[in-house]
file input29.cif (mmCIF, C-alpha atoms and all ligand atoms)
data_query
loop_
_atom_site.label_atom_id
_atom_site.label_comp_id
_atom_site.auth_asym_id
_atom_site.auth_seq_id
_atom_site.Cartn_x
_atom_site.Cartn_y
_atom_site.Cartn_z
CA MET A 1 6.24 -28.80 -12.74
CA TYR A 2 5.45 -25.57 -11.04
CA GLY A 3 7.75 -25.48 -8.05
CA THR A 4 8.71 -27.77 -5.24
CA ILE A 5 5.31 -28.52 -3.81
CA SER A 6 3.87 -31.23 -6.03
CA PHE A 7 0.48 -32.77 -5.71
CA PHE A 8 1.95 -36.13 -4.82
CA SER A 9 4.17 -35.04 -1.98
CA PHE A 10 1.45 -32.83 -0.60
CA GLN A 11 0.53 -33.85 2.92
CA CYS A 12 -3.05 -33.13 3.62
CA SER A 13 -3.94 -31.84 7.04
CA LEU A 14 -6.17 -28.99 8.02
CA SER A 15 -3.64 -26.72 9.65
CA TYR A 16 -1.00 -27.45 7.03
CA HIS A 17 -2.44 -25.21 4.34
CA ALA A 18 -4.63 -22.78 6.31
CA PRO A 19 -6.59 -20.69 5.43
CA ALA A 20 -7.26 -22.89 2.37
CA SER A 21 -9.28 -26.04 2.93
CA CYS A 22 -8.39 -29.51 1.61
CA ASP A 23 -10.94 -29.17 -1.20
CA ILE A 24 -9.51 -25.82 -2.23
CA MET A 25 -6.00 -27.21 -2.31
CA ARG A 26 -7.01 -30.34 -4.26
CA ASN A 27 -8.72 -28.18 -6.89
CA TRP A 28 -5.86 -25.70 -6.94
CA PHE A 29 -3.16 -28.33 -7.55
CA LYS A 30 -5.27 -29.91 -10.26
CA LYS A 31 -5.77 -26.51 -11.92
CA CYS A 32 -2.02 -25.76 -11.72
CA ARG A 33 -1.25 -29.12 -13.32
CA ASP A 34 -3.80 -28.63 -16.10
CA ASP A 35 -2.60 -25.10 -16.81
CA SER A 36 1.12 -25.62 -16.35
CA GLU A 37 1.78 -24.80 -20.03
CA THR A 38 0.20 -21.35 -19.78
CA ALA A 39 1.93 -20.55 -16.53
CA ASN A 40 5.37 -21.78 -17.58
CA TYR A 41 6.60 -18.47 -18.87
CA ILE A 42 6.46 -16.98 -15.37
CA SER A 43 9.86 -18.05 -14.17
CA ALA A 44 12.06 -15.04 -14.66
CA ASN A 45 14.39 -14.16 -11.83
CA THR A 46 15.59 -11.08 -13.68
CA LYS A 47 13.53 -8.03 -14.59
CA ASP A 48 14.35 -4.54 -15.86
CA CYS A 49 14.18 -1.56 -13.53
CA PRO A 50 11.01 0.29 -14.65
CA LYS A 51 12.84 3.61 -14.38
CA CYS A 52 16.37 3.22 -15.75
CA LYS A 53 15.87 -0.18 -17.50
CA VAL A 54 18.97 -1.75 -16.01
CA CYS A 55 18.64 -5.54 -15.58
CA ILE A 56 18.02 -6.56 -11.98
CA GLU A 57 18.48 -10.04 -10.60
CA LYS A 58 16.33 -11.08 -7.68
CA ASN A 59 18.48 -12.81 -5.10
CA GLY A 60 16.43 -12.22 -1.96
CA GLY A 61 12.88 -13.09 -1.01
CA CYS A 62 11.70 -9.54 -0.42
CA ASN A 63 9.51 -8.10 -3.18
CA HIS A 64 10.26 -4.49 -2.27
CA MET A 65 13.13 -3.89 -4.69
CA SER A 66 15.53 -0.97 -4.81
CA CYS A 67 17.48 -0.48 -8.03
CA PHE A 68 21.27 -0.61 -7.47
CA SER A 69 21.77 1.84 -10.31
CA CYS A 70 19.14 4.59 -9.88
CA ASN A 71 17.80 3.71 -6.40
CA HIS A 72 14.21 3.56 -7.64
CA HIS A 73 11.99 1.55 -5.27
CA PHE A 74 9.55 -0.78 -7.00
CA CYS A 75 7.50 -3.93 -6.54
CA TRP A 76 8.93 -7.11 -8.04
CA MET A 77 5.47 -8.57 -8.58
CA CYS A 78 3.76 -5.80 -10.57
CA ILE A 79 6.76 -3.49 -11.33
CA GLY A 80 4.75 -0.61 -9.82
CA ASP A 81 6.27 2.14 -7.71
CA TRP A 82 6.72 0.96 -4.11
CA LYS A 83 5.09 4.21 -2.94
CA THR A 84 1.78 2.69 -4.03
CA HIS A 85 2.47 -0.38 -1.85
CA GLU A 86 2.48 1.23 1.53
CA ASN A 87 0.00 0.31 4.25
CA ASN A 88 -3.57 1.15 3.33
CA TYR A 89 -2.69 1.73 -0.31
CA TYR A 90 -1.54 -1.83 -0.88
CA GLU A 91 -3.51 -3.10 -3.87
CA CYS A 92 -0.96 -5.38 -5.51
CA SER A 93 -2.40 -8.61 -4.13
CA LYS A 94 -6.01 -7.83 -5.05
CA TYR A 95 -7.66 -8.95 -8.24
CA ARG A 96 -9.96 -6.46 -9.89
CA GLY A 97 -11.42 -8.15 -12.93
CA GLN A 98 -14.22 -7.18 -15.25
CA PRO A 99 -17.72 -8.06 -14.02
CA GLN A 100 -19.35 -11.05 -15.76
CA SER A 101 -22.15 -8.80 -17.07
CA GLN A 102 -19.68 -6.89 -19.23
CA LEU A 103 -18.25 -10.01 -20.81
CA GLU A 104 -20.44 -10.69 -23.79
CA THR A 105 -18.55 -13.23 -25.85
CA ILE A 106 -17.22 -16.67 -24.95
CA GLN A 107 -13.75 -15.44 -25.90
CA SER A 108 -13.87 -12.45 -23.61
CA ARG A 109 -15.04 -14.69 -20.75
CA ALA A 110 -12.21 -17.12 -21.41
CA ARG A 111 -9.70 -14.27 -21.51
CA GLU A 112 -10.99 -12.92 -18.22
CA ALA A 113 -10.85 -16.38 -16.62
CA LEU A 114 -7.22 -16.80 -17.69
CA LYS A 115 -6.29 -13.33 -16.47
CA LYS A 116 -7.84 -14.08 -13.11
CA TYR A 117 -6.06 -17.42 -12.75
CA LEU A 118 -2.68 -15.93 -13.73
CA HIS A 119 -3.05 -13.14 -11.17
CA TYR A 120 -3.42 -15.67 -8.36
CA PHE A 121 -0.97 -18.19 -9.80
CA GLU A 122 1.83 -15.62 -10.25
CA ARG A 123 1.51 -14.53 -6.63
CA TRP A 124 1.27 -18.06 -5.29
CA ASP A 125 4.35 -18.99 -7.31
CA ASN A 126 6.28 -15.85 -6.38
CA HIS A 127 5.70 -16.27 -2.63
CA GLN A 128 6.83 -19.86 -2.93
CA ARG A 129 10.07 -18.59 -4.51
CA SER A 130 10.41 -15.95 -1.80
CA LEU A 131 10.06 -18.64 0.84
CA LYS A 132 13.04 -20.50 -0.66
CA LEU A 133 15.16 -17.36 -1.01
CA GLU A 134 14.38 -16.31 2.56
CA GLU A 135 15.49 -19.75 3.73
CA GLN A 136 18.90 -18.95 2.20
CA THR A 137 18.93 -15.56 3.92
CA ARG A 138 18.14 -17.29 7.23
CA ALA A 139 21.07 -19.69 6.77
CA LYS A 140 23.42 -16.77 6.07
CA LEU A 141 22.14 -14.94 9.15
CA LEU A 142 22.81 -17.96 11.35
CA GLU A 143 26.36 -18.10 9.99
CA LYS A 144 26.84 -14.43 10.76
CA ILE A 145 25.49 -14.89 14.29
CA GLU A 146 27.95 -17.70 14.86
CA GLN A 147 30.85 -15.59 13.58
CA ASN A 148 29.82 -12.76 15.88
CA ILE A 149 29.66 -15.05 18.89
CA ASN A 150 33.03 -16.60 18.04
CA ALA A 151 34.52 -13.12 17.75
CA GLN A 152 33.19 -12.33 21.25
CA ASN A 153 30.77 -9.87 19.69
CA GLY A 154 27.75 -10.63 21.88
CA THR A 155 26.24 -13.93 22.96
CA TYR A 156 23.47 -16.00 21.41
CA ILE A 157 20.95 -14.16 23.57
CA ASP A 158 21.99 -10.89 21.94
CA TRP A 159 21.49 -12.23 18.41
CA GLN A 160 18.55 -14.55 18.91
CA TYR A 161 16.10 -11.87 17.74
CA LEU A 162 17.36 -12.23 14.16
CA GLU A 163 16.72 -15.95 14.09
CA LYS A 164 13.28 -15.43 15.61
CA ALA A 165 12.46 -12.77 13.02
CA ALA A 166 13.50 -15.08 10.18
CA ASP A 167 11.35 -17.88 11.64
CA SER A 168 8.29 -15.63 11.94
CA LEU A 169 8.85 -14.42 8.40
CA ALA A 170 8.91 -17.99 7.04
CA LYS A 171 5.76 -18.92 8.92
CA ALA A 172 3.89 -15.84 7.73
CA ARG A 173 5.09 -16.12 4.11
CA TYR A 174 3.90 -19.72 4.13
CA THR A 175 0.42 -18.71 5.30
CA LEU A 176 0.39 -15.89 2.75
CA MET A 177 1.10 -18.35 -0.05
CA TYR A 178 -2.05 -20.32 0.79
CA THR A 179 -4.20 -17.21 0.89
CA TYR A 180 -3.99 -17.06 -2.92
CA PRO A 181 -5.80 -20.33 -3.70
CA TYR A 182 -8.27 -19.39 -0.96
CA ALA A 183 -9.05 -16.05 -2.60
CA TYR A 184 -9.12 -17.57 -6.09
CA TYR A 185 -11.94 -19.93 -5.15
CA GLN A 186 -13.90 -17.39 -3.12
CA GLU A 187 -16.82 -16.65 -5.45
CA ASP A 188 -18.58 -14.17 -3.19
CA THR A 189 -17.08 -10.80 -4.14
CA VAL A 190 -18.03 -9.11 -0.88
CA VAL A 191 -16.36 -11.86 1.16
CA ARG A 192 -13.38 -11.87 -1.19
CA ASN A 193 -12.89 -8.10 -0.98
CA LEU A 194 -12.86 -8.26 2.82
CA PHE A 195 -10.49 -11.19 2.76
CA GLU A 196 -8.19 -9.44 0.31
CA ASN A 197 -8.00 -6.39 2.58
CA ILE A 198 -6.76 -8.53 5.45
CA GLN A 199 -4.47 -10.43 3.10
CA ALA A 200 -3.00 -7.12 1.84
CA GLN A 201 -2.38 -5.95 5.40
CA LEU A 202 -0.46 -9.16 6.08
CA GLU A 203 1.46 -9.01 2.81
CA VAL A 204 2.69 -5.42 3.19
CA GLU A 205 4.05 -6.14 6.67
CA ILE A 206 5.69 -9.37 5.51
CA GLU A 207 7.54 -7.42 2.82
CA ASN A 208 8.53 -4.81 5.40
CA LEU A 209 9.92 -7.50 7.70
CA SER A 210 11.76 -9.23 4.87
CA TYR A 211 13.22 -5.88 3.80
CA GLN A 212 14.50 -5.19 7.32
CA ILE A 213 15.96 -8.68 7.75
CA GLU A 214 17.84 -8.40 4.45
CA ARG A 215 19.31 -5.14 5.76
CA SER A 216 19.68 -6.23 9.37
CA THR A 217 22.95 -4.34 9.75
CA THR A 218 21.23 -1.02 9.19
CA HIS A 219 18.05 -1.80 11.11
CA ASN A 220 18.33 -2.09 14.82
CA ARG A 221 17.02 -4.79 17.08
CA GLY A 222 14.04 -2.74 18.25
CA ASP A 223 12.75 -2.15 14.70
CA ILE A 224 13.04 -5.78 13.74
CA GLU A 225 11.42 -7.09 16.93
CA ASN A 226 8.59 -4.63 16.56
CA GLN A 227 8.04 -5.63 12.92
CA ARG A 228 8.07 -9.33 13.84
CA HIS A 229 5.26 -8.75 16.34
CA ILE A 230 3.20 -6.84 13.77
CA VAL A 231 3.57 -9.71 11.28
CA GLU A 232 2.68 -12.34 13.87
CA ARG A 233 -0.42 -10.43 14.93
CA ARG A 234 -1.62 -10.00 11.35
CA ARG A 235 -1.11 -13.67 10.60
CA GLN A 236 -3.10 -14.62 13.72
CA THR A 237 -5.86 -12.17 12.80
CA LEU A 238 -6.25 -13.68 9.34
CA LEU A 239 -6.21 -17.27 10.55
CA LEU A 240 -8.62 -16.65 13.43
CA LYS A 241 -11.08 -14.98 11.13
CA TYR A 242 -10.88 -17.32 8.16
CA PHE A 243 -9.60 -20.53 9.59
CA PRO A 244 -10.65 -20.74 13.26
CA LYS A 245 -9.88 -24.47 13.35
CA SER A 246 -6.14 -23.95 13.04
CA ASN A 247 -4.32 -23.14 16.21
CA SER A 248 -0.72 -22.36 15.29
ZN ZN B 1 -5.72 -30.77 3.15
ZN ZN B 2 16.95 1.78 -11.95
ZN ZN B 3 3.08 -4.71 -6.68
#
call {"tool": "encode", "arguments": {"input": "input29.cif", "output": "structure tokens"}}
result
Amino acid sequence: MYGTISFFSFQCSLSYHAPASCDIMRNWFKKCRDDSETANYISANTKDCPKCKVCIEKNGGCNHMSCFSCNHHFCWMCIGDWKTHENNYYECSKYRGQPQSQLETIQSRAREALKKYLHYFERWDNHQRSLKLEEQTRAKLLEKIEQNINAQNGTYIDWQYLEKAADSLAKARYTLMYTYPYAYYQEDTVVRNLFENIQAQLEVEIENLSYQIERSTTHNRGDIENQRHIVERRRQTLLLKYFPKSNS
């Protein structure tokens, strides 16, 4: 199996997996089942810091990592420097394969097809993992809020923004997950490039929000509320443009 969402428990409804359509999701789950052998090796929750090589365990959903040993900031997904993941420079989500015209042999076409699938599968799979890890972070936050209230350190109204931020993060990460099958099946490169720009803009802000929530003691309420609004707006923009039928 490739995670918690199996084909059989999958509830089909249009808004459930927006922006991907039912056909896209049927094909995607079939593809994941058929290729589960190839994709099985992608399950590591430890990786080495690209700078100092110390082993790092991923225990949060955020993919913006900072090494505990040398403080190098890098991307969990591609191991690249996080500096190349900021705002308009965010390329990590985009697939840039070789054009068909340059692929002369059957083998090179097959290799390219596998590379393309793995790019999308790894990201789909990783965001699914992030969703689960962020659910744990949310539960810990709620515990902390309760402790604060019990210790007369503010009321629920003072701490509600953290819960709201975690909820927006989950909703946006969920949408982001489904953008990967959508992009995988988008054959028109012009349409796909445009889509992947909007997807990248959503992804970078999701990672920023996740980063702030994981460090909510050092980020103040204003920052987190502001970031939540940015994420919500970007999610709405993507859905309105590519899935106008969905309304949430
Ligand atoms: Zn469906
Ligand atoms: Zn390091
Ligand atoms: Zn990356």
call {"tool": "atom_distance", "arguments": {"input": "input29.cif", "atom1": "atom CA of A:Tyr184", "atom2": "atom CA of A:Tyr120"}}
result
6.4 Å
call {"tool": "residues_near_ligand", "arguments": {"input": "input29.cif", "ligand": "ligand ZN 3 (chain B)", "cutoff": "12 Å", "atoms": "all atoms listed in the file", "output": "PyMOL selection string"}}
result
chain A and resi 62-65+73-86+89-95+119+122-123+126+200+203-204+207
call {"tool": "residues_near_ligand", "arguments": {"input": "input29.cif", "ligand": "ligand ZN 2 (chain B)", "cutoff": "9 Å", "atoms": "all atoms listed in the file", "output": "mmCIF file with C-alpha atoms, in the frame of the given file"}}
result
data_model
loop_
_atom_site.group_PDB
_atom_site.id
_atom_site.type_symbol
_atom_site.label_atom_id
_atom_site.label_comp_id
_atom_site.auth_asym_id
_atom_site.auth_seq_id
_atom_site.Cartn_x
_atom_site.Cartn_y
_atom_site.Cartn_z
ATOM 1 C CA ASP A 48 14.350 -4.540 -15.860
ATOM 2 C CA CYS A 49 14.180 -1.560 -13.530
ATOM 3 C CA PRO A 50 11.010 0.290 -14.650
ATOM 4 C CA LYS A 51 12.840 3.610 -14.380
ATOM 5 C CA CYS A 52 16.370 3.220 -15.750
ATOM 6 C CA LYS A 53 15.870 -0.180 -17.500
ATOM 7 C CA VAL A 54 18.970 -1.750 -16.010
ATOM 8 C CA CYS A 55 18.640 -5.540 -15.580
ATOM 9 C CA ILE A 56 18.020 -6.560 -11.980
ATOM 10 C CA SER A 66 15.530 -0.970 -4.810
ATOM 11 C CA CYS A 67 17.480 -0.480 -8.030
ATOM 12 C CA PHE A 68 21.270 -0.610 -7.470
ATOM 13 C CA SER A 69 21.770 1.840 -10.310
ATOM 14 C CA CYS A 70 19.140 4.590 -9.880
ATOM 15 C CA ASN A 71 17.800 3.710 -6.400
ATOM 16 C CA HIS A 72 14.210 3.560 -7.640
ATOM 17 C CA HIS A 73 11.990 1.550 -5.270
#
call {"tool": "closest_atom_pairs", "arguments": {"input": "input29.cif", "of": "stretch 178-228 of chain A", "to": "stretch 136-141 of chain A", "cutoff": "12 Å", "atoms": "only C-alpha atoms", "output": "tab-separated table"}}
result
residue	atom	partner	partner_atom	distance
A:Ser210	CA	A:Thr137	CA	9.6
A:Tyr211	CA	A:Thr137	CA	11.2
A:Gln212	CA	A:Thr137	CA	11.8
A:Ile213	CA	A:Thr137	CA	8.4
A:Glu214	CA	A:Thr137	CA	7.3
A:Arg215	CA	A:Thr137	CA	10.6
A:Ser216	CA	A:Leu141	CA	9.1
A:Thr217	CA	A:Leu141	CA	10.6
call {"tool": "closest_residue", "arguments": {"input": "input29.cif", "among": "A:Val191, A:Leu162, A:Tyr178, A:Asn197", "to": "ligand ZN 1 (chain B)", "atoms": "all atoms listed in the file"}}
result
A:Tyr178
call {"tool": "residues_near_point", "arguments": {"input": "input29.cif", "point": "(-6.8, -20.2, -19.2)", "cutoff": "12 Å", "atoms": "all atoms listed in the file", "output": "MDAnalysis selection string"}}
result
chainID A and resid 31:32 34:39 107:119 121
call {"tool": "write_last_selection", "arguments": {"input": "input29.cif", "atoms": "C-alpha atoms", "output": "CSV table (one decimal), in the coordinates of the input"}}
result
chain,number,residue,atom,x,y,z
A,31,LYS,CA,-5.8,-26.5,-11.9
A,32,CYS,CA,-2.0,-25.8,-11.7
A,34,ASP,CA,-3.8,-28.6,-16.1
A,35,ASP,CA,-2.6,-25.1,-16.8
A,36,SER,CA,1.1,-25.6,-16.4
A,37,GLU,CA,1.8,-24.8,-20.0
A,38,THR,CA,0.2,-21.4,-19.8
A,39,ALA,CA,1.9,-20.6,-16.5
A,107,GLN,CA,-13.8,-15.4,-25.9
A,108,SER,CA,-13.9,-12.4,-23.6
A,109,ARG,CA,-15.0,-14.7,-20.8
A,110,ALA,CA,-12.2,-17.1,-21.4
A,111,ARG,CA,-9.7,-14.3,-21.5
A,112,GLU,CA,-11.0,-12.9,-18.2
A,113,ALA,CA,-10.8,-16.4,-16.6
A,114,LEU,CA,-7.2,-16.8,-17.7
A,115,LYS,CA,-6.3,-13.3,-16.5
A,116,LYS,CA,-7.8,-14.1,-13.1
A,117,TYR,CA,-6.1,-17.4,-12.8
A,118,LEU,CA,-2.7,-15.9,-13.7
A,119,HIS,CA,-3.0,-13.1,-11.2
A,121,PHE,CA,-1.0,-18.2,-9.8
call {"tool": "closest_atom_pairs", "arguments": {"input": "input29.cif", "of": "stretch 104-217 of chain A", "to": "stretch 18-27 of chain A", "cutoff": "9 Å", "atoms": "all atoms listed in the file", "output": "Markdown table"}}
result
| residue | atom | partner | partner_atom | distance |
| --- | --- | --- | --- | --- |
| A:Thr175 | CA | A:Ala18 | CA | 6.6 |
| A:Leu176 | CA | A:Pro19 | CA | 8.9 |
| A:Tyr178 | CA | A:Ala20 | CA | 6.0 |
| A:Thr179 | CA | A:Pro19 | CA | 6.2 |
| A:Tyr180 | CA | A:Ala20 | CA | 8.5 |
| A:Pro181 | CA | A:Ala20 | CA | 6.7 |
| A:Tyr182 | CA | A:Ala20 | CA | 4.9 |
| A:Ala183 | CA | A:Ala20 | CA | 8.6 |
| A:Tyr185 | CA | A:Ile24 | CA | 7.0 |
call {"tool": "atom_distance", "arguments": {"input": "input29.cif", "atom1": "atom CA of A:Gly97", "atom2": "atom CA of A:Gln186"}}
result
13.7 Å
call {"tool": "atom_distance", "arguments": {"input": "input29.cif", "atom1": "atom CA of A:Asn150", "atom2": "atom CA of A:Lys164"}}
result
19.9 Å
call {"tool": "build_atoms", "arguments": {"input": "input29.cif", "residues": "stretch 160-177 of chain A", "atoms": "N, CA, C and O atoms", "output": "mmCIF file, in the frame of the given file"}}
result
data_model
loop_
_atom_site.group_PDB
_atom_site.id
_atom_site.type_symbol
_atom_site.label_atom_id
_atom_site.label_comp_id
_atom_site.auth_asym_id
_atom_site.auth_seq_id
_atom_site.Cartn_x
_atom_site.Cartn_y
_atom_site.Cartn_z
ATOM 1 N N GLN A 160 19.689 -13.667 19.098
ATOM 2 C CA GLN A 160 18.550 -14.550 18.910
ATOM 3 C C GLN A 160 17.394 -13.875 18.154
ATOM 4 O O GLN A 160 16.653 -14.528 17.426
ATOM 5 N N TYR A 161 17.235 -12.563 18.354
ATOM 6 C CA TYR A 161 16.100 -11.870 17.740
ATOM 7 C C TYR A 161 16.097 -11.990 16.218
ATOM 8 O O TYR A 161 15.038 -12.001 15.591
ATOM 9 N N LEU A 162 17.295 -12.103 15.621
ATOM 10 C CA LEU A 162 17.360 -12.230 14.160
ATOM 11 C C LEU A 162 16.838 -13.583 13.695
ATOM 12 O O LEU A 162 16.101 -13.678 12.717
ATOM 13 N N GLU A 163 17.202 -14.609 14.417
ATOM 14 C CA GLU A 163 16.720 -15.950 14.090
ATOM 15 C C GLU A 163 15.204 -16.017 14.262
ATOM 16 O O GLU A 163 14.490 -16.557 13.416
ATOM 17 N N LYS A 164 14.726 -15.443 15.350
ATOM 18 C CA LYS A 164 13.280 -15.430 15.610
ATOM 19 C C LYS A 164 12.534 -14.677 14.512
ATOM 20 O O LYS A 164 11.464 -15.094 14.077
ATOM 21 N N ALA A 165 13.101 -13.569 14.078
ATOM 22 C CA ALA A 165 12.460 -12.770 13.020
ATOM 23 C C ALA A 165 12.397 -13.569 11.727
ATOM 24 O O ALA A 165 11.373 -13.578 11.044
ATOM 25 N N ALA A 166 13.484 -14.277 11.402
ATOM 26 C CA ALA A 166 13.500 -15.080 10.180
ATOM 27 C C ALA A 166 12.487 -16.221 10.272
ATOM 28 O O ALA A 166 11.834 -16.566 9.277
ATOM 29 N N ASP A 167 12.325 -16.799 11.457
ATOM 30 C CA ASP A 167 11.350 -17.880 11.640
ATOM 31 C C ASP A 167 9.914 -17.364 11.479
ATOM 32 O O ASP A 167 9.087 -18.002 10.833
ATOM 33 N N SER A 168 9.638 -16.203 12.073
ATOM 34 C CA SER A 168 8.290 -15.630 11.940
ATOM 35 C C SER A 168 7.996 -15.277 10.485
ATOM 36 O O SER A 168 6.875 -15.453 10.013
ATOM 37 N N LEU A 169 9.017 -14.778 9.812
ATOM 38 C CA LEU A 169 8.850 -14.420 8.400
ATOM 39 C C LEU A 169 8.472 -15.655 7.581
ATOM 40 O O LEU A 169 7.528 -15.619 6.782
ATOM 41 N N ALA A 170 9.173 -16.761 7.800
ATOM 42 C CA ALA A 170 8.910 -17.990 7.040
ATOM 43 C C ALA A 170 7.481 -18.479 7.293
ATOM 44 O O ALA A 170 6.758 -18.852 6.368
ATOM 45 N N LYS A 171 7.087 -18.457 8.546
ATOM 46 C CA LYS A 171 5.760 -18.920 8.920
ATOM 47 C C LYS A 171 4.671 -18.061 8.264
ATOM 48 O O LYS A 171 3.688 -18.568 7.736
ATOM 49 N N ALA A 172 4.877 -16.762 8.283
ATOM 50 C CA ALA A 172 3.890 -15.840 7.730
ATOM 51 C C ALA A 172 3.857 -15.917 6.198
ATOM 52 O O ALA A 172 2.795 -15.897 5.585
ATOM 53 N N ARG A 173 5.022 -16.019 5.571
ATOM 54 C CA ARG A 173 5.090 -16.120 4.110
ATOM 55 C C ARG A 173 4.379 -17.390 3.655
ATOM 56 O O ARG A 173 3.699 -17.413 2.632
ATOM 57 N N TYR A 174 4.537 -18.449 4.433
ATOM 58 C CA TYR A 174 3.900 -19.720 4.130
ATOM 59 C C TYR A 174 2.373 -19.577 4.162
ATOM 60 O O TYR A 174 1.680 -20.005 3.246
ATOM 61 N N THR A 175 1.868 -18.949 5.214
ATOM 62 C CA THR A 175 0.420 -18.710 5.300
ATOM 63 C C THR A 175 -0.035 -17.837 4.129
ATOM 64 O O THR A 175 -1.047 -18.109 3.490
ATOM 65 N N LEU A 176 0.737 -16.810 3.839
ATOM 66 C CA LEU A 176 0.390 -15.890 2.750
ATOM 67 C C LEU A 176 0.243 -16.616 1.419
ATOM 68 O O LEU A 176 -0.687 -16.356 0.652
ATOM 69 N N MET A 177 1.150 -17.545 1.167
ATOM 70 C CA MET A 177 1.100 -18.350 -0.050
ATOM 71 C C MET A 177 -0.278 -18.995 -0.226
ATOM 72 O O MET A 177 -0.868 -18.954 -1.294
#
